[in-house]
Every structure is written in C-alpha cells, then in structure tokens.
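With compact mmCIF, C-alpha atoms inside, this is final-v3.txt:
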```txt
# COMPACT_ATOMS: atom_id res chain seq x y z
CA MET L 1 12.48 247.22 165.71
CA ALA L 2 10.59 245.27 163.08
CA PHE L 3 10.55 241.52 163.11
CA LEU L 4 8.83 238.99 160.89
CA HIS L 5 6.92 241.70 159.04
CA GLY L 6 9.39 242.40 156.30
CA PRO L 7 12.94 242.51 157.63
CA LEU L 8 14.07 240.55 154.59
CA LYS L 9 13.99 241.51 150.97
CA GLY L 10 14.94 239.30 148.13
CA GLY L 11 14.89 235.54 148.13
CA ALA L 12 16.44 235.66 144.64
CA ARG L 13 18.44 232.74 143.29
CA VAL L 14 22.22 233.06 143.39
CA ASN L 15 23.86 234.43 140.23
CA GLN L 16 27.53 234.57 139.22
CA ASP L 17 28.09 237.95 140.92
CA ILE L 18 26.85 236.56 144.23
CA THR L 19 28.98 233.43 143.80
CA THR L 20 32.01 235.67 143.29
CA GLU L 21 31.03 237.64 146.39
CA PHE L 22 30.76 234.39 148.36
CA GLN L 23 34.23 233.37 147.16
CA ARG L 24 35.58 236.73 148.39
CA ARG L 25 33.86 236.52 151.80
CA PHE L 26 34.38 232.79 152.38
CA PRO L 27 37.72 232.17 150.66
CA ALA L 28 38.74 229.10 152.65
CA ALA L 29 35.39 227.34 152.20
CA SER L 30 35.21 228.27 148.50
CA GLY L 31 38.73 227.00 147.88
CA GLU L 32 38.07 223.72 149.67
CA LEU L 33 34.71 223.18 147.98
CA GLY L 34 35.95 223.65 144.42
CA PRO L 35 33.72 224.82 141.53
CA GLU L 36 31.31 221.86 141.33
CA ASN L 37 30.55 221.61 145.04
CA LEU L 38 30.34 225.39 145.31
CA ALA L 39 27.76 225.44 142.50
CA ARG L 40 25.72 222.77 144.36
CA LEU L 41 25.84 224.79 147.57
CA MET L 42 24.81 227.97 145.72
CA ARG L 43 21.83 226.17 144.17
CA ALA L 44 20.54 225.48 147.71
CA CYS L 45 20.74 229.19 148.66
CA THR L 46 18.78 232.35 148.00
CA VAL L 47 19.96 235.93 148.45
CA VAL L 48 18.33 238.21 151.03
CA THR L 49 18.86 241.85 151.86
CA ILE L 50 18.13 243.16 155.36
CA ALA L 51 17.68 246.85 156.24
CA PRO L 52 19.65 248.43 159.13
CA HIS L 53 18.32 248.11 162.71
CA ARG L 54 16.18 245.06 161.99
CA LYS L 55 16.03 241.91 164.04
CA LEU L 56 16.95 238.95 161.88
CA PHE L 57 16.53 236.58 164.85
CA ARG L 58 14.87 237.17 168.18
CA ASP L 59 16.23 235.36 171.25
CA ARG L 60 14.32 232.06 171.84
CA MET L 61 12.11 232.52 168.77
CA PRO L 62 11.89 229.84 166.03
CA VAL L 63 14.58 229.68 163.37
CA ASP L 64 14.19 227.66 160.18
CA SER L 65 17.16 228.80 158.11
CA LEU L 66 20.89 229.47 158.23
CA TYR L 67 22.53 232.57 156.80
CA LEU L 68 25.98 233.17 155.36
CA VAL L 69 26.76 236.86 155.74
CA LEU L 70 28.10 238.55 152.60
CA GLU L 71 27.84 242.21 153.51
CA GLY L 72 27.13 244.40 156.56
CA GLU L 73 27.45 244.19 160.35
CA MET L 74 25.16 242.75 163.04
CA LEU L 75 25.11 242.43 166.82
CA ALA L 76 24.20 239.29 168.77
CA SER L 77 22.71 239.69 172.26
CA VAL L 78 20.82 237.68 174.84
CA GLU L 79 17.80 239.22 176.52
CA ASP L 80 15.95 238.91 179.76
CA GLY L 81 13.01 241.27 180.10
CA SER L 82 14.32 244.75 179.49
CA ARG L 83 17.99 243.79 179.94
CA THR L 84 20.27 242.99 177.04
CA LEU L 85 23.75 241.51 177.08
CA GLU L 86 25.88 241.72 173.95
CA VAL L 87 27.52 238.38 173.16
CA GLY L 88 29.09 238.91 169.75
CA HIS L 89 29.63 240.89 166.56
CA ILE L 90 28.72 239.39 163.21
CA LYS L 91 30.50 240.40 160.03
CA PRO L 92 30.89 239.24 156.44
CA GLY L 93 32.21 235.69 156.34
CA ASP L 94 30.18 234.63 159.40
CA TRP L 95 27.33 232.13 159.67
CA LEU L 96 24.05 232.68 161.50
CA GLY L 97 21.38 230.24 162.63
CA GLU L 98 23.75 227.28 162.80
CA VAL L 99 23.38 226.97 166.58
CA ALA L 100 19.60 226.67 166.39
CA VAL L 101 19.71 224.12 163.58
CA LEU L 102 22.60 221.95 164.78
CA SER L 103 21.42 221.90 168.40
CA GLY L 104 18.07 220.63 167.16
CA GLU L 105 16.26 223.26 169.26
CA MET L 106 15.32 225.31 166.18
CA LEU L 107 15.19 228.34 168.48
CA ALA L 108 17.48 231.36 168.23
CA SER L 109 20.24 231.29 170.85
CA SER L 110 20.42 235.10 170.75
CA THR L 111 18.84 238.18 169.20
CA VAL L 112 20.64 239.28 166.03
CA THR L 113 20.15 242.90 165.00
CA THR L 114 21.55 244.49 161.86
CA THR L 115 23.58 247.64 162.49
CA THR L 116 24.01 248.38 158.76
CA ARG L 117 22.32 247.19 155.57
CA CYS L 118 23.18 243.51 155.25
CA ARG L 119 23.17 240.96 152.49
CA ALA L 120 23.30 237.23 153.11
CA LEU L 121 22.79 233.85 151.53
CA LYS L 122 19.91 231.99 153.11
CA ILE L 123 19.71 228.21 153.22
CA HIS L 124 16.72 226.39 154.67
CA SER L 125 17.60 224.01 157.53
CA ARG L 126 16.17 221.06 155.57
CA ASP L 127 18.44 221.80 152.59
CA PHE L 128 21.39 222.34 154.93
CA GLU L 129 20.82 218.98 156.63
CA ASP L 130 20.52 217.30 153.22
CA LEU L 131 23.91 218.69 152.24
CA VAL L 132 25.60 217.93 155.56
CA ILE L 133 24.23 214.41 155.92
CA HIS L 134 24.09 213.20 152.33
CA ASP L 135 26.78 215.13 150.45
CA ALA L 136 30.16 214.04 151.80
CA ASP L 137 32.23 216.52 149.78
CA ILE L 138 30.23 219.54 150.95
CA SER L 139 29.74 218.23 154.48
CA HIS L 140 33.47 217.89 155.04
CA VAL L 141 34.07 221.56 154.20
CA LEU L 142 31.01 223.03 155.93
CA LEU L 143 31.49 221.06 159.15
CA GLY L 144 35.15 222.07 159.38
CA GLN L 145 34.13 225.72 159.07
CA LEU L 146 31.23 225.35 161.49
CA VAL L 147 33.28 223.64 164.20
CA ASP L 148 35.82 226.50 164.09
CA LEU L 149 33.07 229.13 164.18
CA LEU L 150 31.05 227.47 166.96
CA ALA L 151 34.17 226.94 169.04
CA GLN L 152 35.02 230.63 168.69
CA ARG L 153 31.47 231.66 169.67
CA LEU L 154 31.51 229.35 172.69
CA ARG L 155 34.84 230.82 173.81
CA GLU L 156 33.31 234.33 173.51
CA SER L 157 30.24 233.32 175.52
CA ASN L 158 32.50 231.67 178.13
CA ALA L 159 34.48 234.91 178.42
CA THR L 160 31.28 236.94 178.87
CA ALA L 161 30.06 234.42 181.47
CA ALA L 162 33.37 234.64 183.34
CA LYS L 163 32.88 238.40 183.72
CA LEU L 164 29.46 237.80 185.26
CA SER L 165 30.60 235.08 187.68
CA MET Y 166 38.50 193.68 169.08
CA ASN Y 167 35.68 192.03 167.17
CA ASP Y 168 33.37 192.67 170.16
CA LEU Y 169 34.15 196.38 169.99
CA ARG Y 170 33.46 196.37 166.26
CA VAL Y 171 30.04 194.79 166.84
CA PHE Y 172 29.33 197.16 169.72
CA LEU Y 173 30.16 200.26 167.62
CA HIS Y 174 28.16 199.02 164.63
CA GLY Y 175 25.15 198.73 166.96
CA LEU Y 176 25.31 202.44 167.90
CA PRO Y 177 23.15 204.83 165.85
CA ALA Y 178 26.15 207.13 165.24
CA PHE Y 179 28.21 204.38 163.59
CA GLU Y 180 25.64 201.90 162.27
CA ARG Y 181 26.16 202.95 158.64
CA PHE Y 182 29.86 202.08 158.80
CA GLN Y 183 31.28 198.66 158.14
CA GLY Y 184 34.41 197.11 156.65
CA LYS Y 185 37.57 199.19 156.53
CA PRO Y 186 36.19 202.49 157.91
CA LEU Y 187 34.85 200.74 161.01
CA ASP Y 188 38.10 198.79 161.38
CA MET Y 189 40.05 202.06 161.25
CA LEU Y 190 37.90 203.53 164.02
CA VAL Y 191 38.38 200.41 166.15
CA ASN Y 192 42.11 200.66 165.48
CA LYS Y 193 42.21 204.25 166.76
CA LEU Y 194 40.34 203.55 170.01
CA ARG Y 195 42.06 202.51 173.23
CA LEU Y 196 40.14 200.55 175.85
CA GLN Y 197 40.27 202.00 179.35
CA ASP Y 198 38.94 201.00 182.78
CA PHE Y 199 37.86 203.61 185.32
CA ASP Y 200 37.16 203.02 188.99
CA PRO Y 201 34.15 204.64 190.70
CA GLY Y 202 34.96 208.26 191.52
CA GLN Y 203 37.67 208.52 188.87
CA ARG Y 204 37.48 211.62 186.64
CA LEU Y 205 37.43 211.20 182.88
CA VAL Y 206 37.08 214.91 182.09
CA GLU Y 207 37.11 217.97 184.35
CA GLN Y 208 35.00 221.12 183.80
CA ASP Y 209 36.97 224.18 182.65
CA SER Y 210 40.02 222.08 181.70
CA GLN Y 211 40.96 220.77 178.29
CA GLY Y 212 39.83 217.14 178.25
CA PRO Y 213 42.39 214.47 177.31
CA ALA Y 214 40.08 212.49 175.02
CA MET Y 215 36.56 211.56 173.97
CA TYR Y 216 35.13 208.38 175.52
CA ILE Y 217 32.51 205.96 174.22
CA ILE Y 218 31.05 204.21 177.27
CA ILE Y 219 31.00 200.47 176.67
CA GLU Y 220 29.87 199.48 180.14
CA GLY Y 221 29.06 201.38 183.32
CA THR Y 222 27.66 204.75 184.34
CA VAL Y 223 29.34 208.16 184.12
CA GLU Y 224 27.95 211.10 186.07
CA ILE Y 225 28.04 214.36 184.14
CA THR Y 226 27.92 217.53 186.23
CA ARG Y 227 27.84 221.11 185.02
CA ARG Y 228 28.32 223.98 187.45
CA GLU Y 229 27.24 227.49 186.47
CA THR Y 230 28.22 230.43 188.65
CA ILE Y 231 26.83 233.22 186.49
CA GLY Y 232 24.91 235.74 188.53
CA GLY Y 233 26.28 234.81 191.93
CA ASP Y 234 24.97 231.50 193.33
CA GLY Y 235 26.53 228.39 191.89
CA GLU Y 236 24.07 225.99 190.30
CA GLN Y 237 24.92 222.42 189.50
CA GLU Y 238 23.11 220.16 187.08
CA ALA Y 239 23.78 216.44 186.95
CA ARG Y 240 22.81 213.57 184.68
CA ASP Y 241 24.06 210.08 184.01
CA ALA Y 242 25.52 208.73 180.75
CA ARG Y 243 25.42 204.99 180.16
CA ASP Y 244 26.47 202.29 177.68
CA GLY Y 245 26.74 203.57 174.14
CA GLU Y 246 26.83 207.27 175.06
CA VAL Y 247 29.76 209.53 174.25
CA VAL Y 248 31.32 211.90 176.80
CA GLY Y 249 34.12 214.46 176.49
CA LEU Y 250 33.42 215.17 172.80
CA LEU Y 251 34.81 218.71 173.04
CA SER Y 252 38.20 217.28 174.00
CA LEU Y 253 38.58 216.83 170.23
CA VAL Y 254 38.52 220.64 169.72
CA ASN Y 255 41.72 222.61 170.31
CA ASN Y 256 41.72 225.12 173.12
CA MET Y 257 38.21 224.23 174.27
CA PRO Y 258 37.81 223.69 178.03
CA SER Y 259 35.20 221.10 178.90
CA PRO Y 260 31.80 222.55 179.90
CA GLU Y 261 31.24 219.63 182.27
CA THR Y 262 32.90 217.16 184.60
CA CYS Y 263 32.55 213.47 183.79
CA THR Y 264 33.13 211.08 186.71
CA ALA Y 265 32.81 207.30 186.79
CA LYS Y 266 29.83 206.49 189.01
CA THR Y 267 30.38 202.74 188.77
CA LYS Y 268 33.23 200.71 187.36
CA VAL Y 269 33.40 202.01 183.77
CA PHE Y 270 34.81 200.37 180.67
CA ALA Y 271 35.23 202.88 177.81
CA ALA Y 272 36.85 203.32 174.41
CA GLU Y 273 39.09 206.38 174.30
CA LEU Y 274 39.80 208.53 171.23
CA THR Y 275 42.50 211.18 171.65
CA PRO Y 276 42.59 214.37 169.50
CA GLU Y 277 45.70 213.09 167.69
CA ARG Y 278 44.02 209.81 166.71
CA TYR Y 279 40.85 211.71 165.69
CA GLN Y 280 42.95 213.86 163.34
CA ALA Y 281 44.54 210.74 161.87
CA LEU Y 282 41.06 209.40 161.05
CA PHE Y 283 40.53 212.25 158.55
CA LEU Y 284 43.19 210.66 156.35
CA GLN Y 285 42.50 207.02 157.05
CA ALA Y 286 38.70 206.90 157.38
CA PRO Y 287 37.31 210.31 156.35
CA ALA Y 288 33.64 209.27 156.51
CA VAL Y 289 34.01 208.20 160.15
CA ALA Y 290 35.97 211.37 160.96
CA HIS Y 291 33.18 213.48 159.42
CA GLN Y 292 30.59 211.67 161.50
CA LEU Y 293 32.58 212.52 164.63
CA GLN Y 294 33.02 216.09 163.36
CA TYR Y 295 29.23 216.36 162.96
CA MET Y 296 28.80 215.11 166.54
CA VAL Y 297 31.31 217.73 167.73
CA ALA Y 298 29.45 220.50 165.84
CA VAL Y 299 26.14 219.40 167.39
CA GLN Y 300 27.70 219.31 170.87
CA LEU Y 301 29.20 222.78 170.42
CA ALA Y 302 25.82 224.13 169.29
CA ARG Y 303 24.06 222.56 172.31
CA ASP Y 304 26.69 223.92 174.70
CA LEU Y 305 26.36 227.38 173.19
CA GLN Y 306 22.58 227.20 173.70
CA GLU Y 307 23.16 226.14 177.33
CA LYS Y 308 25.71 228.89 177.93
CA ASN Y 309 23.39 231.54 176.54
CA LYS Y 310 20.55 230.20 178.72
CA ALA Y 311 22.86 230.58 181.72
CA LEU Y 312 23.71 234.13 180.63
CA ARG Y 313 19.99 234.93 180.45
CA LYS Y 314 19.54 233.57 183.98
CA GLY Y 315 22.51 235.64 185.12
CA LEU Y 316 20.93 238.73 183.62
CA ALA Y 317 17.71 238.05 185.48
CA LYS Y 318 19.50 237.57 188.81
CA GLN Y 319 21.77 240.54 188.79
CA LYS Y 320 20.87 244.12 189.49
CA SER Y 321 21.75 246.33 186.54
CA GLY Y 322 24.31 248.33 188.55
CA SER Y 323 26.33 245.31 189.58
CA LEU Y 324 26.04 243.89 186.06
CA LEU Y 325 27.65 246.98 184.53
CA GLU Y 326 30.33 246.91 187.20
CA ARG Y 327 31.21 243.29 186.46
CA LEU Y 328 31.21 243.75 182.70
CA PHE Y 329 32.86 247.11 182.37
CA GLY Y 330 34.46 247.72 185.76
CA ARG Y 331 32.33 250.76 186.54
```
What is this file in structure tokens?
Amino acid sequence: MAFLHGPLKGGARVNQDITTEFQRRFPAASGELGPENLARLMRACTVVTIAPHRKLFRDRMPVDSLYLVLEGEMLASVEDGSRTLEVGHIKPGDWLGEVAVLSGEMLASSTVTTTTRCRALKIHSRDFEDLVIHDADISHVLLGQLVDLLAQRLRESNATAAKLS
Amino acid sequence: MNDLRVFLHGLPAFERFQGKPLDMLVNKLRLQDFDPGQRLVEQDSQGPAMYIIIEGTVEITRRETIGGDGEQEARDARDGEVVGLLSLVNNMPSPETCTAKTKVFAAELTPERYQALFLQAPAVAHQLQYMVAVQLARDLQEKNKALRKGLAKQKSGSLLERLFGR
C-alpha cells in the first residue's frame, strides 16, 4: 500500500463537467445550495484522482483536508498492530475527513483504502472552516448534510462496537 | 429572563448573537432544577433534551464494554457547559450518562424547540447545528478509539466469532 508518496493525482480546479458530476452525486446539497453558493463551494475545491488499493488516510495520521467522493468505492477500517476492523464503506456522495476536521483532532479516525479508482473533490480544512463559519448560506446546507452523515457513521460504529461487547 | 439573556451572551458559543436571535433562543429554553443524583441523560438511551448548565456540576460518565472488561470514564461539566447535545439528533442514543452532582440549574432545549429555531432564528440554529456536528465527530473519534482498544484486547479467534458468529 502506498501512502503519502503519490496516492493522489490531480489538484485541478473544478470545471463545469465536475460541477455537473457533483450535482449528480450530491443532489440534495446541490439543490439546497443553488447555483451561486454551489459556484462558491466549487471555487474552494480541487479535483483529485486516486488509484485503486491506495490509502487516502491512515488511522491516527494527520489529515488536513476533506473530500467529497464523486466516483469509486473505498473501505474504512480501524487498526491495531496487525489487526484490522472494517467500520464502513464509502461510495460516491459521501464525505471523508470531516471527523478529523470537526473534532479538532486533525487525525484520521480510520484508515481509508480505495478499492477502485476514485475521484473526489478536495477542500482544505482552512477553506472548509471559512465556509462553515463565515458563509451562512453554505454553512446551513453543509452542516445539515454533515450531521446526517456523522450520525449515520456513529450508528455504524456503535453497531460494530455492540458486536464486540 | 434578562439574566438568562446576559448569561447566554457571555458564553463563547452565543456571544455573537444579540437582539431578536438571542431573544428567540431564550424564548425556546425552559429552566429546570435537578437534585443531586438526578439523571439528565442516560447512556444508550435517546436523551430528552440538550441542557446548558447555568449553575451547578454535572458528572458525565461513559462506559465502554468493547473487548470484555467494562471501562468507565468520568468528568465534570460546570456552569456554561452544554450536555446532552446529541439529544437533538433523531435516533441517536446518548454516548454518556449525565447526572447532577450538586443541585443543578439548567436551561433545557428539546428537539422540537431546536427545530423551530431554524425558522425563527436560523443563525442560532446553525450555531447549535455546528456544535452538534462537532460533538458527533468527537464521539466518533472516541468510539473508534474504543474499537482499537477492543481489537488490542481480544484474541483474533474470539473477535471473528463475535463479529461473524464463527
């Protein structure tokens, strides 16, 4: 597994095709944002492509950006030594990195490994915080989405924990 | 009521609000007294409301049983702190028990009144929503830390058995 040394390709600015792709993968958020707010969000993002079987995040390692998944599948797992416990599947329409950034720990809460080629929008935590704290129109939409997503992830982790208890 | 307004305005979470938005928040809160030993929120049950502690001490305990032995962590929350935030999320059992350690005076916000704030004082509702998102993220970090500990404690055979029944 490669990590840090080239799992990501791209970093290109978002064009109209990618915006359309975002609207397809995140229909609720796109609809609520509306064209102007969506354009502002897209300006804060870059596009990255990740090869299959790469680690986008490694459990407990620093994270400085969030990702909005446009294409591909990933697995989330927690690790202890040689043991790995799968805690979730990530698919288009999902966010990544939000736990590290919102919790303030800036450390990955799990290892995330691509199972196929993936494409995602990347937004630096500083730009994300700017939008969430200072841009009320965007914050309202993003926070609504994030609360639903985080609640779902916590329920999944609770279910996994219950099996281990 | 004016005292509560001043108290809320003095908290970092609400200091940027004044005028009507702050009045709307005050209007949605209900003042409650709790006796020592009284539960505000119980772990693994849906909490009834979020509470802003105005006066007193609330003990927060979190019991993890992953990997066999139960472990309990405890800390105290005091004036100005918020407990039971995840009560504002549907179908989300509380990750911790909150018990009055002393006589506690708190301002209660139920999920229904929180939802009403989105229409009547959206900026305040979004601030609370941000606090909920942060709390969820912290709880997810904690849960995954507990899962890691559980992994370390259990032998691989018993782990597979518990997860997959084999």
Using only C-alpha atoms, what does the table of chain Y residues within 7 Å of chain L look like, with each row giving the shortest atom pair and its distance in Å to one decimal, sorted by chain and ascending number, as JSON lines?
```
{"residue": "Y:Thr230", "atom": "CA", "partner": "L:Ser165", "partner_atom": "CA", "distance": 5.3}
{"residue": "Y:Ile231", "atom": "CA", "partner": "L:Ser165", "partner_atom": "CA", "distance": 4.4}
{"residue": "Y:Gly232", "atom": "CA", "partner": "L:Ser165", "partner_atom": "CA", "distance": 5.8}
{"residue": "Y:Gly233", "atom": "CA", "partner": "L:Ser165", "partner_atom": "CA", "distance": 6.1}
{"residue": "Y:His291", "atom": "CA", "partner": "L:His140", "partner_atom": "CA", "distance": 6.2}
{"residue": "Y:Gln294", "atom": "CA", "partner": "L:Leu143", "partner_atom": "CA", "distance": 6.7}
{"residue": "Y:Tyr295", "atom": "CA", "partner": "L:Leu143", "partner_atom": "CA", "distance": 6.5}
{"residue": "Y:Ala298", "atom": "CA", "partner": "L:Val147", "partner_atom": "CA", "distance": 5.2}
{"residue": "Y:Val299", "atom": "CA", "partner": "L:Leu102", "partner_atom": "CA", "distance": 5.1}
{"residue": "Y:Leu301", "atom": "CA", "partner": "L:Leu150", "partner_atom": "CA", "distance": 6.1}
{"residue": "Y:Ala302", "atom": "CA", "partner": "L:Val99", "partner_atom": "CA", "distance": 4.6}
{"residue": "Y:Arg303", "atom": "CA", "partner": "L:Ser103", "partner_atom": "CA", "distance": 4.8}
{"residue": "Y:Leu305", "atom": "CA", "partner": "L:Leu154", "partner_atom": "CA", "distance": 5.5}
{"residue": "Y:Gln306", "atom": "CA", "partner": "L:Ser109", "partner_atom": "CA", "distance": 5.5}
{"residue": "Y:Lys308", "atom": "CA", "partner": "L:Ser157", "partner_atom": "CA", "distance": 6.8}
{"residue": "Y:Asn309", "atom": "CA", "partner": "L:Ser109", "partner_atom": "CA", "distance": 6.5}
{"residue": "Y:Leu312", "atom": "CA", "partner": "L:Ala161", "partner_atom": "CA", "distance": 6.4}
{"residue": "Y:Arg313", "atom": "CA", "partner": "L:Asp80", "partner_atom": "CA", "distance": 5.7}
{"residue": "Y:Leu316", "atom": "CA", "partner": "L:Asp80", "partner_atom": "CA", "distance": 6.3}
{"residue": "Y:Ala317", "atom": "CA", "partner": "L:Asp80", "partner_atom": "CA", "distance": 6.0}
{"residue": "Y:Arg327", "atom": "CA", "partner": "L:Lys163", "partner_atom": "CA", "distance": 5.8}
{"residue": "Y:Leu328", "atom": "CA", "partner": "L:Lys163", "partner_atom": "CA", "distance": 5.7}
```
To one decimal place, how far is CA of Met61 in chain L from CA of Val254 in chain Y in Å? 29.0 Å
Can you tell me how far CA of Gln300 in chain Y sits from CA of Ala178 in chain Y, in Å to one decimal?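 Going from CA of Gln300 in chain Y over to CA of Ala178 in chain Y covers 13.5 Å.
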Could you jot down the CA of Leu131 in chain L to CA of Arg181 in chain Y separation for me, Å, one decimal place?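 Separation between CA of Leu131 in chain L and CA of Arg181 in chain Y: 17.1 Å.
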For Thr114 in chain L: contacts at 9 Å, only C-alpha atoms, fewer than 2 positions along chain excluded, given as a PDB file with C-alpha atoms, keeping the file's coordinate frame:
```pdb
ATOM      1  CA  ILE L  50      18.130 243.160 155.360  1.00  0.00           C
ATOM      2  CA  ALA L  51      17.680 246.850 156.240  1.00  0.00           C
ATOM      3  CA  PRO L  52      19.650 248.430 159.130  1.00  0.00           C
ATOM      4  CA  HIS L  53      18.320 248.110 162.710  1.00  0.00           C
ATOM      5  CA  ARG L  54      16.180 245.060 161.990  1.00  0.00           C
ATOM      6  CA  LYS L  55      16.030 241.910 164.040  1.00  0.00           C
ATOM      7  CA  LEU L  56      16.950 238.950 161.880  1.00  0.00           C
ATOM      8  CA  GLY L  72      27.130 244.400 156.560  1.00  0.00           C
ATOM      9  CA  GLU L  73      27.450 244.190 160.350  1.00  0.00           C
ATOM     10  CA  MET L  74      25.160 242.750 163.040  1.00  0.00           C
ATOM     11  CA  LEU L  75      25.110 242.430 166.820  1.00  0.00           C
ATOM     12  CA  ILE L  90      28.720 239.390 163.210  1.00  0.00           C
ATOM     13  CA  VAL L 112      20.640 239.280 166.030  1.00  0.00           C
ATOM     14  CA  THR L 116      24.010 248.380 158.760  1.00  0.00           C
ATOM     15  CA  ARG L 117      22.320 247.190 155.570  1.00  0.00           C
ATOM     16  CA  CYS L 118      23.180 243.510 155.250  1.00  0.00           C
TER      17      CYS L 118
END
```
Might I get the box with edges along x, y and z of the file that holds all atoms of range 306-309 of chain Y listed there, padded by 4 Å on every side, given as centre and edge lengths in Å to one decimal, as JSON?
```
{"center_x": 24.1, "center_y": 228.8, "center_z": 175.8, "size_x": 11.1, "size_y": 13.4, "size_z": 12.2}
```
Range 184-194 of chain Y surroundings by all atoms listed in the file, 6 Å radius, close-in-sequence under 3 positions cut, as a list in words: Ala272, Glu273, Leu274, Arg278 and Ala286 of chain Y
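Residues in contact with Gln211 in chain Y at up to 10 Å, not including ones fewer than 6 positions away on its chain and judged by only C-alpha atoms, are Gly249, Leu251, Ser252, Leu253, Val254, Asn255, Asn256, Met257, Pro258, Ser259 and Pro260 of chain Y.
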Tell me, as a ChimeraX atom specification, which residues lie within 12 Å of Val248 in chain Y, counting all atoms listed in the file; anything in the same chain fewer than 4 positions away does not count. /Y:204-207,212-219,222-226,240-244,252-253,259-265,271-274,296-297,300
Residues within 12 Å of Asp17 in chain L, only C-alpha atoms, excluding chain neighbours under 4 positions, as a ChimeraX atom specification: /L:13,21-24,42,47,70
Show me the residues close to (25.5, 233.5, 156.9) - anything with an atom within 8 Å, counting all atoms listed in the file - and format the list as a PyMOL selection string. chain L and resi 66-70+92-97+120-122
Using all atoms listed in the file for the distances, tell me which of Y:Phe172, Y:Phe179, Y:Asp209, Y:Gln197 is nearest to Ala159 in chain L. Y:Asp209
